[in-house]
Amino acid sequence: MSSTRRITINPVTRLEGHARIEIFLDAEGEVENAYFQVPELRGFEHFCVGRPVEEMPYITARLCGVCPAAHHLAAAKAVDAVFGVEPPSAAKKLRELMYMAHFVHSHIAHFYVLAAPDFVCGPDCDPAQRNILGLLARVSEEMGSAAVARRAEAQEAQALLGGRATHMAWCLPGGVSKGLSEADRARLEAWAVREVDFAQKSLELFQTAVLANPEYRQMILSDPYRLEAYDMGTVDAGGKVNFYEGQIRVTAPSGGEAYRYDAKDYLDHLAERVESWTYLKFPYLKKVGWKGYVGGADSGLYRATPLSRLNAADGMATPGAQAAYEAFYGALGGKPVHATLATHWARLIELLYAAERWLELARDPEITSNDIRVMPRAKPGEGIGSVEAPRGTLTHHYTTDEKGLLTSVNLLVGTTNNYAAMAVSIRMAARSLIHRGVEVTEGICNRIEMAFRAYDPCMSCATHSLPGQMPMLVTVRDAQGTPVQVFAR
Amino acid sequence: MKLVGFLCNWCSYEASMGAGGRRLPIPSDIVFVRVMCSGMVNPQAVLAAFADGADGVLILGCHPGSCHYVDGNLQAQRRVGLIRALLKDYGVNPERLGLDWASASEGERFAQLVQEFHARMVALGPQTQPLVLGEPPVEGVL
Amino acid sequence: MNGKPKLALYWACSCGGCDVALLDTGAKILELAGRYEIVLWPILVDAKEHSVEGMADASIDLCLFNGAIKNENDERMARLLRAKSKVLVSLGACSQLGGVLGLANLTRTAEMLETVYLKAPGLDNPEGTLPMKRTKVPEGELGLPGLLEKVRGLPAVVPVDYVVPGCPPEPARLVEVIDALLAGNLPPKGAVLGASEKALCSTCTRQRRGLKVERFTRRYRLDAPDENLCFLEQGLLCLGPVTRSGCGEACLKSNMPCRGCYGPTSGVLDAGGAMVGVLASLMAQDSPEAVAEAVAGLDDPAGMNYLFSVASSLLREAR
């Protein structure tokens with residue numbers, strides 16, 4: 001039965017690239033369905049064929065200007081595998097160190113500019129205020145300017161190691177092209193101390209501004225923002241969250257391990273569906289099967305977010321983060337937690353882990369070693385590399401000819417893991433908020449956005465200048481398609 | 001055919017004068033450009049010629065060892081090797097770029113080289129294949 | 001509305017790196033945002049394509065446009081923003097040249113669709129579904145913007161007033177550009193901002209010793225290239241000679257050769273063609289056989305010589 005009304009939200013942003021939401025209403029004015037469309041395709045999997053494989057860390061960084069380091073490293077690991085070479089210990093630590101600084105930049109950017117304003121200022125707050133400036137007026141200026149400074153230092157830290165923060169040329173098959181001097185190591189250590197402190201303060205801010213507020217607690221725990229689904233993350237040998245390497249573990253909606261595998265076996269576990277109304281594909285768990293845009297133990301839909309990583313792991317590898325992890329599950333009734341908005345809290349726990357791990361690595365005696373590369377000897381062939389991108393498990397898969405020129409490329413990108421789940425979250429939020437006779441207000445739009453914003457879709461806005469609001473156009477049309485209400489923000 | 005010939009001032013251009021003076025047959029669908037040395041033919045000019053629809057480009061210089069500027073023709077040889085590699089990747093048959101030598105007194109050789117190049121280009125056919133635009137296999141996104 | 005001049009920032013087919021670079025200028029972007037009324041910035045401002053459509057022509061004082069033109073919506077927005085803007089700045093390599101996205105122009109779009117939706121490993125697509133411009137769903141119809149056959153940079157679609165090169169432009173250069181914009185201190189239209197008129201070699205500290213290349217090689221095959229010697233003289237492809245300076249040589253300082261992200265200097269029509277001239281000058285080979293052998297050792301010549309600039313190369317279409 002075709003809808004009598006349709007709500008178009010275009011553009012939706014906070015996605016690397018462009019996105020739109022189409023909400024169809026039935027004759028009763030209730031939400032019949034909501035579609036989350038990604039209207040762009042760049043085609044890296046195709047146009048990288050023919051390129052020298054060792055250029056992929058440099059080229060694939062251009063998949064995303066917010067998480068280029070994630071692609072740089074996933075590519076570097078795939079290239080190592082193509083050449084059958086394992087970097088020396090110091091090189092792996094250098095890569096991980098750079099990556100921890102990257103996570104710090106990315107998670108600070110997302111939390112302070114995207115997430116915190118919704119809670120600190122309120123989901124229904126005047127959009128002109130619901131941004132970092134409004135946040136500053138409500139929290140100490142010290143916190144706001146610290147967010148700016150700590151993110152800037154995290155960017156600088158990556159540049160110190162890899163040459164530049166965005167789109168570096170650093171990793172090579174078997175290691176990295178440049179090591180770390182003692183002087184730079186000392187700077188990284190000093191910055192890390194401040195980052196750890198700032199991460200702790202961010203968790204405290206979440207306590208006071210969000211968890212201490214009954215309305216927000218209720219919202220976080222409410223059904224429209226709850227999706228029971230499989231969770232995916234990378235864990236080390238001890239089952240702790242690790243962003244750089246480990247095994248991929250998937251836990252069931254009810255908790256408990258469902259699958260654990262090495263990145264190279266990802267095709268045994270993941271398949272991708274195609275819909276003609278979007279350019280982005282939908283990964284799902286093969287062994288469970290695709291059952292539609294639904295959660296639950298029988299559906300292959302899964303999530304790979306900071307919340308998922310915590311659910312999929314047995315704990316955090318650093319002490320401050322571990323304490324925060326325990327407090328998190330203690331407050332929310334144990335594992336697993338499926339409250340989508342709790343992802344913001346999980347993200348801050350990861351921020352603390354990244355900062356602590358940054359500090360650990362900066363103090364590691366091996367970090368200034370010159371043993372930063374093992375030369376590849378084997379003929380190039382096929383390789384798969386995976387890291388946890390800030391937004392989810394990221395996998396690069398390459399095949400090459402005997403000259404090491406690419407013959408095929410397959411990429412499974414962080415946000416893509418979550419595409420089906422985001423679609424469900426948006427639909428659930430829309431269904432709970434849009435009803436006949438209820439005016440579609442700006443606040444309602446925002447609450448729909450909050451459903452996907454928690455996933456931190458790849459393009460986060462790393463800004464401290466927010467004169468405005470989330471861009472949104474909501475057009476409500478009658479059966480003839482004539483706009484009856486245009487709400488623009 | 002649309003062909004371009006780059007002739008060096010000291011050798012091949014003189015040869016072309018000789019060929020003309022003796023009324024030796026030269027195909028009319030080739031445009032000649034006189035340059036001081038085959039080694040100064042800018043690769044960008046060669047690419048521009050192909051981009052503008054040339055079916056073939058022929059560079060004629062002095063015999064190796066006889067270049068007026070000592071080794072400009074060796075530079076041409078290296079440039080041509082590299083340009084051919086680019087052409088191949090862009091889907092243009094690298095044989096459409098020719099390089100050969102004719103000294104000032106070799107009017108007959110000049111005519112022969114040009115005729116043979118022309119014949120090879122005729123055998124290859126026109127260079128510009130129209131891109132398939134707007135005819136997708138399904139009512140899709142093209 | 002409030003008397004401030006109007007500013008628009010838009011991203012077409014983009015990775016977001018140019019926006020991050022702008023935001024990495026710290027206080028400077030805040031200053032810019034404060035002096036203008038931001039009418040479009042899809043990342044975070046009350047910005048809808050719809051509201052720009054309603055504006056008078058040339059009513060936007062300044063538009064910073066990053067990203068390449070790859071789909072119908074990118075092209076529509078490029079034309080719309082050109083019409084609505086007094087000054088249109090092409091920001092970043094994708095906007096200036098097409099960027100790495102231009103590598104798609106060495107193949108065909110139909111083949112790209114096959115690779116992504118029909119041939120990728122792990123696909124569950126037995127019916128061979130492809131994205132469609134129009135799809136009927138039970139509730140109605142959904143649309144997608146169509147892909148253009150070729151990726152293009154912004155100047156290939158509309159006239160552009162200024163170019164700020166880089167992938168992304170370095171924040172330090174953006175600070176200078178923003179200062180010039182704020183002071184109204186701009187050169188005549190058509191200029192490149194935030195980059196030198198000279199090639200990277202002019203600021204590179206490596207030495208040239210006049211060595212000739214016996215054999216080309218790839219960076220990964222060298223354990224540790226000489227940090228004081230020109231990469232080209234070590235047989236490594238470095239696009240420095242045909243690339244503008246301005247980036248601060250971050251890659252060179254990481255002992256990695258330049259890949260050309262700052263785009264070519266003004267005299268260059270075609271970066272790969274210009275680079276060929278440089279390479280020929282450096283090669284040691286004098287016989288046709290030796291030349292052919294040396295050239296055969298240069299892997300992926302088009303991809304690596306035009307990494308950022310396929311879409312603005314002379315032979316920009318794949319046959």
# chains A, B, ... in the order shown; residues from 1 in each chain; ligands from 1
$ residues_around --residues "stretch 154-162 of chain A" --least-positions-apart "4" --cutoff "10 Å" --atoms "only C-alpha atoms" --output "ChimeraX atom specification"
/A:69,94-95,97-106,108,149-150,166-171,176-181,184-185,187-189,191-192,195,355 /C:24,250-251,253-254
$ select_by_dssp --residues "stretch 88-308 of chain C" --states "alpha helix (DSSP H)" --output "PyMOL selection string"
chain C and resi 93-97+109-114+171-183+250-253+271-282+288-296+301-305
$ residues_around --residues "A:Val288" --least-positions-apart "5" --cutoff "9 Å" --atoms "only C-alpha atoms" --output "PDB file with C-alpha atoms, in the first residue's frame"
ATOM      1  CA  ALA A 297      19.783 -13.740  17.729  1.00  0.00           C
ATOM      2  CA  ASP A 298      18.256 -15.098  14.537  1.00  0.00           C
ATOM      3  CA  SER A 299      19.240 -12.107  12.460  1.00  0.00           C
ATOM      4  CA  GLY A 300      22.681 -11.736  10.898  1.00  0.00           C
ATOM      5  CA  LEU A 301      22.538  -7.980  11.447  1.00  0.00           C
TER       6      LEU A 301
END
$ atom_distance --atom1 "atom CA of C:Gly122" --atom2 "atom CA of C:Thr135"
24.0 Å
$ interface_residues --of "chain C" --to "chain B" --cutoff "6 Å" --atoms "only C-alpha atoms" --output "ChimeraX atom specification"
/C:132-133,146-147,273,280,286,291,301-302,314-315,318-319
$ residues_around --residues "stretch 202-209 of chain A" --least-positions-apart "6" --cutoff "7 Å" --atoms "only C-alpha atoms" --output "number ranges by chain"
A: 119-120, 348
$ write_last_selection --atoms "C-alpha atoms" --output "short mmCIF file (atom, residue, chain, number, x, y, z; two decimals), in the first residue's frame"
data_model
loop_
_atom_site.label_atom_id
_atom_site.label_comp_id
_atom_site.auth_asym_id
_atom_site.auth_seq_id
_atom_site.Cartn_x
_atom_site.Cartn_y
_atom_site.Cartn_z
CA PHE A 119 23.13 16.05 26.29
CA VAL A 120 24.80 19.05 27.82
CA LEU A 348 34.81 7.88 26.23
#
$ residues_around --residues "A:Cys121" --least-positions-apart "3" --cutoff "7 Å" --atoms "only C-alpha atoms" --output "ChimeraX atom specification"
/A:117-118,125,130,134-135
$ closest_residue --among "A:Pro11, A:Gly174, A:Gly144, A:Pro39" --to "chain B" --atoms "only C-alpha atoms"
A:Pro39
$ select_by_dssp --residues "stretch 356-476 of chain A" --states "strand (DSSP E or B)" --output "compact mmCIF listing (two decimals) with C-alpha atoms, in the first residue's frame"
# COMPACT_ATOMS: atom_id res chain seq x y z
CA ARG A 373 61.71 -2.45 9.20
CA GLU A 382 47.37 -12.05 -1.38
CA GLY A 383 46.94 -10.28 1.93
CA ILE A 384 44.25 -9.26 4.38
CA GLY A 385 44.71 -6.68 7.12
CA SER A 386 42.33 -5.45 9.77
CA VAL A 387 42.25 -2.84 12.53
CA GLU A 388 39.48 -1.33 14.61
CA ALA A 389 38.64 2.01 13.04
CA GLY A 392 34.14 -0.23 13.61
CA THR A 393 36.19 -3.15 12.33
CA LEU A 394 38.02 -2.22 9.16
CA THR A 395 39.28 -4.84 6.71
CA HIS A 396 41.45 -4.43 3.60
CA HIS A 397 41.90 -7.41 1.27
CA TYR A 398 44.30 -7.32 -1.70
CA THR A 399 45.50 -9.67 -4.39
CA THR A 400 48.44 -8.82 -6.62
CA LEU A 405 50.53 -4.65 -8.82
CA LEU A 406 46.98 -5.01 -7.53
CA THR A 407 44.65 -7.40 -9.29
CA SER A 408 41.78 -7.04 -6.84
CA VAL A 409 40.75 -4.98 -3.82
CA ASN A 410 37.98 -5.63 -1.33
CA LEU A 411 37.27 -3.21 1.50
CA LEU A 412 34.92 -3.58 4.43
CA LEU A 473 15.33 19.84 5.64
CA VAL A 474 12.15 18.04 6.51
CA THR A 475 9.48 18.09 3.87
CA VAL A 476 6.07 16.65 4.69
$ interface_residues --of "chain C" --to "chain A" --cutoff "6 Å" --atoms "only C-alpha atoms" --output "ChimeraX atom specification"
/C:15-17,23,30,43-47,103-104,112,122-125,130-132,135,139-140,144,250-251,254
$ atom_distance --atom1 "atom CA of A:Val250" --atom2 "atom CA of A:Phe328"
20.0 Å
$ residues_around --residues "stretch 49-62 of chain C" --least-positions-apart "2" --cutoff "6 Å" --atoms "only C-alpha atoms" --output "CSV table (one decimal) with N, CA and C atoms, in the first residue's frame"
chain,number,residue,atom,x,y,z
C,5,PRO,N,29.1,39.4,5.5
C,5,PRO,CA,29.2,38.8,4.2
C,5,PRO,C,28.9,37.3,4.3
C,6,LYS,N,28.5,36.7,3.2
C,6,LYS,CA,28.0,35.3,3.3
C,6,LYS,C,29.2,34.3,2.8
C,7,LEU,N,29.3,33.2,3.5
C,7,LEU,CA,30.3,32.2,3.3
C,7,LEU,C,29.6,30.8,3.1
C,83,ALA,N,26.9,30.0,-9.7
C,83,ALA,CA,26.0,31.1,-10.0
C,83,ALA,C,25.7,32.0,-8.8
C,84,LYS,N,25.7,31.3,-7.6
C,84,LYS,CA,25.3,32.1,-6.4
C,84,LYS,C,26.5,32.8,-5.7
C,85,SER,N,27.7,32.5,-6.2
C,85,SER,CA,28.9,33.0,-5.4
C,85,SER,C,29.7,34.1,-6.2
C,86,LYS,N,30.1,35.1,-5.5
C,86,LYS,CA,31.0,36.1,-6.1
C,86,LYS,C,32.4,35.5,-6.4
C,87,VAL,N,32.9,34.9,-5.3
C,87,VAL,CA,34.2,34.3,-5.4
C,87,VAL,C,34.1,32.8,-5.1
$ closest_residue --among "A:Met428, A:Ala313, A:Ala199, A:Ile367" --to "A:Leu352" --atoms "only C-alpha atoms"
A:Ala199
